[in-house]
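protein06.txt follows (compact mmCIF, C-alpha atoms (C1' of nucleotides)):
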# COMPACT_ATOMS: atom_id res chain seq x y z
CA MET A 1 160.04 37.74 113.83
CA ASP A 2 156.49 39.01 113.81
CA LYS A 3 155.21 42.48 113.19
CA ILE A 4 155.66 45.04 115.95
CA SER A 5 152.30 45.45 117.62
CA GLY A 6 150.50 48.72 117.27
CA ASN A 7 150.40 49.65 120.89
CA ALA A 8 154.12 49.14 121.36
CA LEU A 9 154.72 52.09 119.04
CA ARG A 10 152.89 54.52 121.26
CA GLY A 11 155.02 57.39 122.35
CA HIS A 12 157.79 56.47 119.92
CA LEU A 13 156.25 57.25 116.55
CA ASP A 14 156.97 60.97 116.75
CA ALA A 15 160.63 60.28 117.43
CA MET A 16 160.73 57.82 114.53
CA VAL A 17 159.31 60.38 112.12
CA LEU A 18 161.60 63.15 113.35
CA ALA A 19 164.60 60.85 113.05
CA THR A 20 163.58 59.92 109.52
CA LEU A 21 163.37 63.58 108.53
CA ALA A 22 166.72 64.24 110.18
CA ARG A 23 168.19 62.12 107.41
CA GLY A 24 166.61 64.30 104.75
CA GLU A 25 163.33 66.01 103.98
CA GLY A 26 160.57 64.06 102.31
CA HIS A 27 156.85 63.79 101.74
CA GLY A 28 154.41 61.66 103.70
CA PHE A 29 154.23 58.71 101.40
CA GLU A 30 158.00 58.61 101.16
CA ILE A 31 158.45 58.77 104.93
CA MET A 32 156.05 55.86 105.21
CA GLN A 33 158.13 53.87 102.77
CA ARG A 34 161.39 54.80 104.44
CA LEU A 35 160.02 53.66 107.78
CA GLY A 36 158.80 50.46 106.17
CA THR A 37 162.28 49.76 104.82
CA ALA A 38 164.00 50.71 108.04
CA GLY A 39 161.56 48.46 109.88
CA ARG A 40 162.80 45.44 107.93
CA GLY A 41 159.33 43.98 107.54
CA ALA A 42 158.42 44.43 111.17
CA LEU A 43 156.75 47.78 110.60
CA GLU A 44 153.72 48.25 108.42
CA LEU A 45 152.52 51.78 108.97
CA LYS A 46 149.40 52.78 107.08
CA GLU A 47 148.41 56.24 105.87
CA GLY A 48 145.91 56.66 108.66
CA THR A 49 148.74 56.22 111.12
CA LEU A 50 151.42 58.38 109.59
CA TYR A 51 149.62 61.42 108.22
CA PRO A 52 148.03 62.42 111.51
CA VAL A 53 151.49 62.27 113.05
CA LEU A 54 152.76 64.69 110.43
CA TYR A 55 149.86 67.08 111.03
CA ARG A 56 150.47 66.92 114.74
CA LEU A 57 154.21 67.54 114.41
CA GLU A 58 153.64 70.40 112.00
CA ALA A 59 151.03 71.99 114.27
CA ALA A 60 153.53 71.72 117.11
CA GLY A 61 156.16 73.48 115.04
CA MET A 62 158.50 70.48 115.01
CA ILE A 63 158.42 70.12 111.23
CA VAL A 64 157.62 72.46 108.36
CA GLY A 65 155.67 71.31 105.34
CA LYS A 66 155.07 72.94 101.97
CA TRP A 67 153.49 71.82 98.76
CA GLU A 68 155.98 70.82 96.16
CA THR A 69 156.11 73.24 93.20
CA GLY A 70 158.26 74.23 90.27
CA ALA A 71 161.36 72.47 89.11
CA THR A 72 161.36 69.56 91.50
CA GLU A 73 157.68 68.81 90.91
CA ARG A 74 156.73 65.60 89.21
CA ARG A 75 153.69 64.11 87.52
CA GLY A 76 150.89 62.83 89.68
CA PRO A 77 149.13 63.98 92.81
CA ARG A 78 150.73 66.87 94.61
CA ARG A 79 153.05 66.12 97.48
CA ARG A 80 153.72 67.93 100.69
CA ILE A 81 157.41 68.05 101.53
CA TYR A 82 158.29 68.09 105.20
CA LYS A 83 161.54 69.02 106.84
CA LEU A 84 162.76 69.34 110.41
CA ALA A 85 162.29 72.73 112.05
CA ARG A 86 164.79 74.02 114.59
CA ASN A 87 162.44 73.00 117.37
CA GLY A 88 162.19 69.58 115.80
CA LYS A 89 165.95 69.08 115.93
CA ARG A 90 166.00 69.97 119.60
CA ASP A 91 162.99 67.77 120.20
CA LEU A 92 164.59 64.85 118.41
CA LYS A 93 167.67 65.06 120.62
CA ARG A 94 165.48 65.13 123.69
CA ARG A 95 163.48 62.17 122.45
CA GLN A 96 166.63 60.20 121.68
CA GLU A 97 167.79 60.70 125.26
CA GLN A 98 164.38 59.65 126.48
CA TRP A 99 164.56 56.57 124.27
CA ARG A 100 167.88 55.51 125.79
CA HIS A 101 166.47 56.11 129.24
CA PHE A 102 163.37 54.14 128.36
CA ILE A 103 165.16 51.06 127.08
CA GLN A 104 167.56 51.14 129.99
CA ILE A 105 164.80 51.19 132.60
CA ILE A 106 162.24 48.96 130.90
CA GLY A 107 164.89 46.65 129.51
CA GLY A 108 166.40 46.32 132.95
CA ILE A 109 163.08 45.06 134.21
CA VAL A 110 161.97 42.90 131.29
CA GLU A 111 165.34 41.28 130.68
CA ALA A 112 166.44 40.81 134.26
CA PRO A 113 167.46 37.20 134.86
CA ALA A 114 165.17 35.27 137.16
CA MET B 1 165.76 62.16 133.87
CA ASP B 2 162.03 62.60 133.85
CA LYS B 3 159.30 60.10 134.42
CA ILE B 4 158.60 57.58 131.69
CA SER B 5 155.41 58.70 129.97
CA GLY B 6 152.34 56.56 130.33
CA ASN B 7 151.88 55.85 126.68
CA ALA B 8 155.40 54.58 126.25
CA LEU B 9 154.59 51.74 128.60
CA ARG B 10 151.83 50.41 126.39
CA GLY B 11 152.42 46.89 125.32
CA HIS B 12 155.33 46.44 127.74
CA LEU B 13 153.60 46.44 131.09
CA ASP B 14 152.59 42.79 130.88
CA ALA B 15 156.16 41.74 130.22
CA MET B 16 157.34 43.88 133.12
CA VAL B 17 154.91 42.24 135.53
CA LEU B 18 155.72 38.74 134.29
CA ALA B 19 159.45 39.44 134.63
CA THR B 20 158.92 40.73 138.14
CA LEU B 21 157.09 37.57 139.13
CA ALA B 22 159.79 35.46 137.49
CA ARG B 23 162.05 36.70 140.27
CA GLY B 24 159.66 35.46 142.91
CA GLU B 25 155.96 35.41 143.66
CA GLY B 26 154.36 38.39 145.32
CA HIS B 27 151.15 40.31 145.87
CA GLY B 28 149.92 43.30 143.92
CA PHE B 29 151.09 46.02 146.23
CA GLU B 30 154.50 44.42 146.47
CA ILE B 31 154.84 44.10 142.70
CA MET B 32 153.99 47.75 142.44
CA GLN B 33 156.74 48.59 144.90
CA ARG B 34 159.24 46.31 143.22
CA LEU B 35 158.55 47.95 139.87
CA GLY B 36 158.89 51.35 141.50
CA THR B 37 162.30 50.41 142.88
CA ALA B 38 163.44 48.80 139.64
CA GLY B 39 162.27 51.90 137.80
CA ARG B 40 164.72 54.06 139.76
CA GLY B 41 162.29 56.92 140.13
CA ALA B 42 161.29 56.92 136.48
CA LEU B 43 158.29 54.67 137.05
CA GLU B 44 155.34 55.63 139.18
CA LEU B 45 152.69 53.01 138.65
CA LYS B 46 149.44 53.51 140.51
CA GLU B 47 147.01 50.87 141.72
CA GLY B 48 144.59 51.61 138.92
CA THR B 49 147.32 50.74 136.47
CA LEU B 50 148.75 47.61 138.03
CA TYR B 51 145.78 45.69 139.38
CA PRO B 52 143.92 45.51 136.08
CA VAL B 53 147.09 44.09 134.56
CA LEU B 54 147.12 41.35 137.19
CA TYR B 55 143.47 40.50 136.57
CA ARG B 56 144.08 40.38 132.85
CA LEU B 57 147.15 38.16 133.20
CA GLU B 58 145.34 35.86 135.61
CA ALA B 59 142.31 35.61 133.33
CA ALA B 60 144.67 34.73 130.50
CA GLY B 61 146.23 31.96 132.58
CA MET B 62 149.66 33.58 132.63
CA ILE B 63 149.73 33.95 136.39
CA VAL B 64 147.96 32.23 139.27
CA GLY B 65 146.71 34.13 142.28
CA LYS B 66 145.46 32.96 145.63
CA TRP B 67 144.52 34.65 148.85
CA GLU B 68 147.19 34.41 151.45
CA THR B 69 146.22 32.19 154.40
CA GLY B 70 147.70 30.34 157.32
CA ALA B 71 151.27 30.46 158.47
CA THR B 72 152.58 33.04 156.06
CA GLU B 73 149.67 35.37 156.65
CA ARG B 74 150.28 38.66 158.34
CA ARG B 75 148.24 41.31 160.09
CA GLY B 76 146.33 43.75 157.93
CA PRO B 77 144.22 43.56 154.82
CA ARG B 78 144.30 40.26 153.00
CA ARG B 79 146.71 39.92 150.15
CA ARG B 80 146.50 38.03 146.93
CA ILE B 81 149.73 36.25 146.09
CA TYR B 82 150.52 35.82 142.42
CA LYS B 83 152.99 33.52 140.78
CA LEU B 84 153.96 32.68 137.22
CA ALA B 85 152.02 29.87 135.59
CA ARG B 86 153.67 27.60 133.05
CA ASN B 87 152.05 29.58 130.28
CA GLY B 88 153.36 32.72 131.86
CA LYS B 89 156.94 31.49 131.74
CA ARG B 90 156.60 30.68 128.07
CA ASP B 91 154.91 33.99 127.47
CA LEU B 92 157.64 35.87 129.26
CA LYS B 93 160.31 34.30 127.07
CA ARG B 94 158.33 35.21 123.98
CA ARG B 95 157.87 38.76 125.22
CA GLN B 96 161.57 39.09 126.00
CA GLU B 97 162.40 38.09 122.44
CA GLN B 98 159.85 40.60 121.21
CA TRP B 99 161.39 43.25 123.41
CA ARG B 100 164.83 42.69 121.93
CA HIS B 101 163.34 42.79 118.46
CA PHE B 102 161.44 45.95 119.33
CA ILE B 103 164.42 47.91 120.63
CA GLN B 104 166.54 46.76 117.74
CA ILE B 105 164.07 47.94 115.10
CA ILE B 106 162.80 51.09 116.77
CA GLY B 107 166.20 51.96 118.20
CA GLY B 108 167.71 51.56 114.76
CA ILE B 109 165.32 54.19 113.49
CA VAL B 110 165.29 56.61 116.40
CA GLU B 111 169.02 56.54 117.05
CA ALA B 112 170.24 56.47 113.46
CA PRO B 113 172.77 59.24 112.89
CA ALA B 114 171.62 62.00 110.56
C1' DC C 1 137.32 51.35 80.85
C1' DC C 2 139.56 48.96 84.34
C1' DT C 3 143.25 48.29 87.14
C1' DA C 4 147.32 49.70 89.54
C1' DC C 5 150.32 52.82 91.63
C1' DT C 6 151.42 57.20 93.87
C1' DA C 7 149.64 60.57 97.30
C1' DT C 8 146.67 62.75 100.73
C1' DT C 9 142.60 63.27 103.78
C1' DT C 10 139.59 62.09 107.41
C1' DA C 11 135.83 59.80 110.29
C1' DG C 12 135.38 56.59 113.78
C1' DC C 13 137.10 52.59 116.67
C1' DG C 14 139.32 50.37 120.45
C1' DA C 15 143.18 48.89 123.57
C1' DG C 16 144.95 49.88 127.57
C1' DA C 17 147.23 53.08 130.72
C1' DC C 18 145.62 56.81 133.82
C1' DT C 19 142.73 59.51 137.34
C1' DA C 20 140.28 59.27 141.29
C1' DA C 21 137.86 57.62 144.84
C1' DA C 22 135.90 54.02 147.81
C1' DT C 23 136.61 50.23 151.07
C1' DA C 24 139.11 48.01 154.92
C1' DG C 25 142.31 46.24 158.58
C1' DA C 26 146.00 47.51 161.84
C1' DG C 27 149.02 50.54 164.17
C1' DT C 28 150.11 55.37 165.96
C1' DT C 29 149.24 59.85 167.93
C1' DG C 30 146.92 63.39 170.34
C1' DC D 1 138.37 57.36 170.71
C1' DA D 2 138.85 60.27 166.81
C1' DA D 3 142.02 61.27 163.36
C1' DC D 4 145.62 59.86 160.72
C1' DT D 5 148.77 56.87 158.33
C1' DC D 6 150.31 52.78 156.37
C1' DT D 7 149.27 48.53 153.76
C1' DA D 8 146.14 46.41 150.28
C1' DT D 9 142.50 45.85 146.86
C1' DT D 10 138.66 47.20 143.81
C1' DT D 11 136.56 49.64 140.19
C1' DA D 12 134.18 53.36 137.41
C1' DG D 13 135.26 56.52 133.99
C1' DT D 14 138.53 59.23 131.00
C1' DC D 15 141.78 60.12 127.40
C1' DT D 16 145.54 59.31 124.15
C1' DC D 17 146.83 57.80 119.98
C1' DG D 18 147.68 54.19 116.74
C1' DC D 19 144.58 51.48 113.58
C1' DT D 20 140.73 50.41 110.25
C1' DA D 21 138.61 51.78 106.35
C1' DA D 22 137.16 54.36 102.81
C1' DA D 23 137.07 58.43 99.84
C1' DT D 24 139.40 61.53 96.57
C1' DA D 25 142.70 62.43 92.79
C1' DG D 26 146.30 62.34 89.21
C1' DT D 27 148.99 59.36 85.95
C1' DA D 28 150.02 55.27 83.23
C1' DG D 29 149.30 50.72 81.04
C1' DG D 30 146.66 46.93 79.09

Representation of the structure as structure tokens:
Amino acid sequence: MDKISGNALRGHLDAMVLATLARGEGHGFEIMQRLGTAGRGALELKEGTLYPVLYRLEAAGMIVGKWETGATERRGPRRRIYKLARNGKRDLKRRQEQWRHFIQIIGGIVEAPA
Amino acid sequence: MDKISGNALRGHLDAMVLATLARGEGHGFEIMQRLGTAGRGALELKEGTLYPVLYRLEAAGMIVGKWETGATERRGPRRRIYKLARNGKRDLKRRQEQWRHFIQIIGGIVEAPA
DNA sequence: CCTACTATTTAGCGAGACTAAATAGAGTTG
DNA sequence: CAACTCTATTTAGTCTCGCTAAATAGTAGG
């Protein structure tokens, strides 16, 4: 099956990122990879797509990011570790409900037998 | 449940219109109403949203439109009746498969338990 | 040194859904 | 008959947000 078209993701990317972080904190590059894996080849998010989402979610107080330091730090460019904020957990739940609503309504129209 | 946000519809509207016409030809205003009903209050498409979709689909050869005349015609402003073209039927099937793929992949990410 | 991989940043583009208003015929009400 | 309300279509302009593309930077290997 082909790649999921860019526009189809609109309005769902935030929920996808929040859901990914709900399974454990991580830095941008890692989240990108996790989404790629979870997308089973159908998702190919690029940096320019994901990072702005993270900035937006952090600015909105949904996630909290801090530069990795100390013991856990590794060699290479510095990484910003993000985790879900309280607001983000609430928001994720809300977005999951909206997702179910969305697929029920839109699916009911798109999949309706002729 | 609240209204389905505009952006979430992106990339799915075409499929919704094709599916609506698969259940019987109709004119723009009617399609708008049918979608409103099928959306159970969660969809509120306006003219400026729907008509451009029809023009686009017609230009792409997915649907065929003609001005209503003769016996079936009714009083009031003239109406343009659209019906699925052969290409449109094929396209609808393809889009339905893509829809299932989409909700499987995205749903798998958004709904995954923490 | 060059390439490759991890990691982040950011400027600018474009698709397409939305807002808003205009146009128009027919029926209804005061 | 003016004003209003439906049905019905058209279209100009806006805005969101995911995508393209490239730059910057640290580390490692050939």

Report task. For DA8 (chain D), work out the shell of residues within 8 Å, counting all atoms listed in the file and skipping chain neighbours fewer than 4 positions away, then give it as a count of residues only. Result -> 4

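Any residue of chain A with an atom within 7 Å of chain D counts; using all atoms listed in the file, that gives Gly6, Asn7, Arg10, Thr49, Arg75, Gly76 and Pro77 of chain A.
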
Export of prior selection with C-alpha atoms as a tab-separated table (two decimals), in the coordinates of the input:
chain	number	residue	atom	x	y	z
A	6	GLY	CA	150.50	48.72	117.27
A	7	ASN	CA	150.40	49.65	120.89
A	10	ARG	CA	152.89	54.52	121.26
A	49	THR	CA	148.74	56.22	111.12
A	75	ARG	CA	153.69	64.11	87.52
A	76	GLY	CA	150.89	62.83	89.68
A	77	PRO	CA	149.13	63.98	92.81

Can you tell me, as a short mmCIF file (atom, residue, chain, number, x, y, z; two decimals) with C-alpha atoms, keeping the file's coordinate frame, which residues sit within 9 Å of (155.2, 39.7, 133.5) in the file's frame, using only C-alpha atoms (C1' of nucleotides)?
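Output contents, as saved in out-v9.cif:
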data_model
loop_
_atom_site.label_atom_id
_atom_site.label_comp_id
_atom_site.auth_asym_id
_atom_site.auth_seq_id
_atom_site.Cartn_x
_atom_site.Cartn_y
_atom_site.Cartn_z
CA VAL A 110 161.97 42.90 131.29
CA HIS B 12 155.33 46.44 127.74
CA LEU B 13 153.60 46.44 131.09
CA ASP B 14 152.59 42.79 130.88
CA ALA B 15 156.16 41.74 130.22
CA MET B 16 157.34 43.88 133.12
CA VAL B 17 154.91 42.24 135.53
CA LEU B 18 155.72 38.74 134.29
CA ALA B 19 159.45 39.44 134.63
CA THR B 20 158.92 40.73 138.14
CA LEU B 21 157.09 37.57 139.13
CA ALA B 22 159.79 35.46 137.49
CA LEU B 57 147.15 38.16 133.20
CA MET B 62 149.66 33.58 132.63
CA ILE B 63 149.73 33.95 136.39
CA LEU B 84 153.96 32.68 137.22
CA GLY B 88 153.36 32.72 131.86
CA LYS B 89 156.94 31.49 131.74
CA ASP B 91 154.91 33.99 127.47
CA LEU B 92 157.64 35.87 129.26
CA ARG B 95 157.87 38.76 125.22
#

Report task. Please identify every residue of chain B that has at least one atom no more than 8 Å from any atom of chain A, counting all atoms listed in the file, and report them as a VMD selection string. Result -> chain B and resid 1 4 to 5 7 to 12 15 to 16 19 to 20 22 to 24 35 38 to 40 42 96 98 to 99 101 to 103 105 to 114

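Put simply, C1' of DA21 (chain C) is 15.3 Å away from CA of Tyr51 (chain B).
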
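Of note, CA of Lys46 (chain A) and C1' of DT10 (chain C) are spaced 13.5 Å apart.
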
Report task. Select all residues from chain C having any atom no more than 8 Å from an atom of chain B (counting all atoms listed in the file, ignoring ligands), output as a PyMOL selection string. Result -> chain C and resi 16-18+24-26

Query raised in the report: Neighbours of Glu25 (chain B) within 7 Å (all atoms listed in the file; same-chain residues fewer than 4 positions away dropped), as a ChimeraX atom specification?
Result: /B:21,81-83

**Report entry** Point-to-point distance from CA of Lys66 (chain B) to C1' of DG27 (chain C), Å rounded to tenths
**Finding:** 25.8 Å
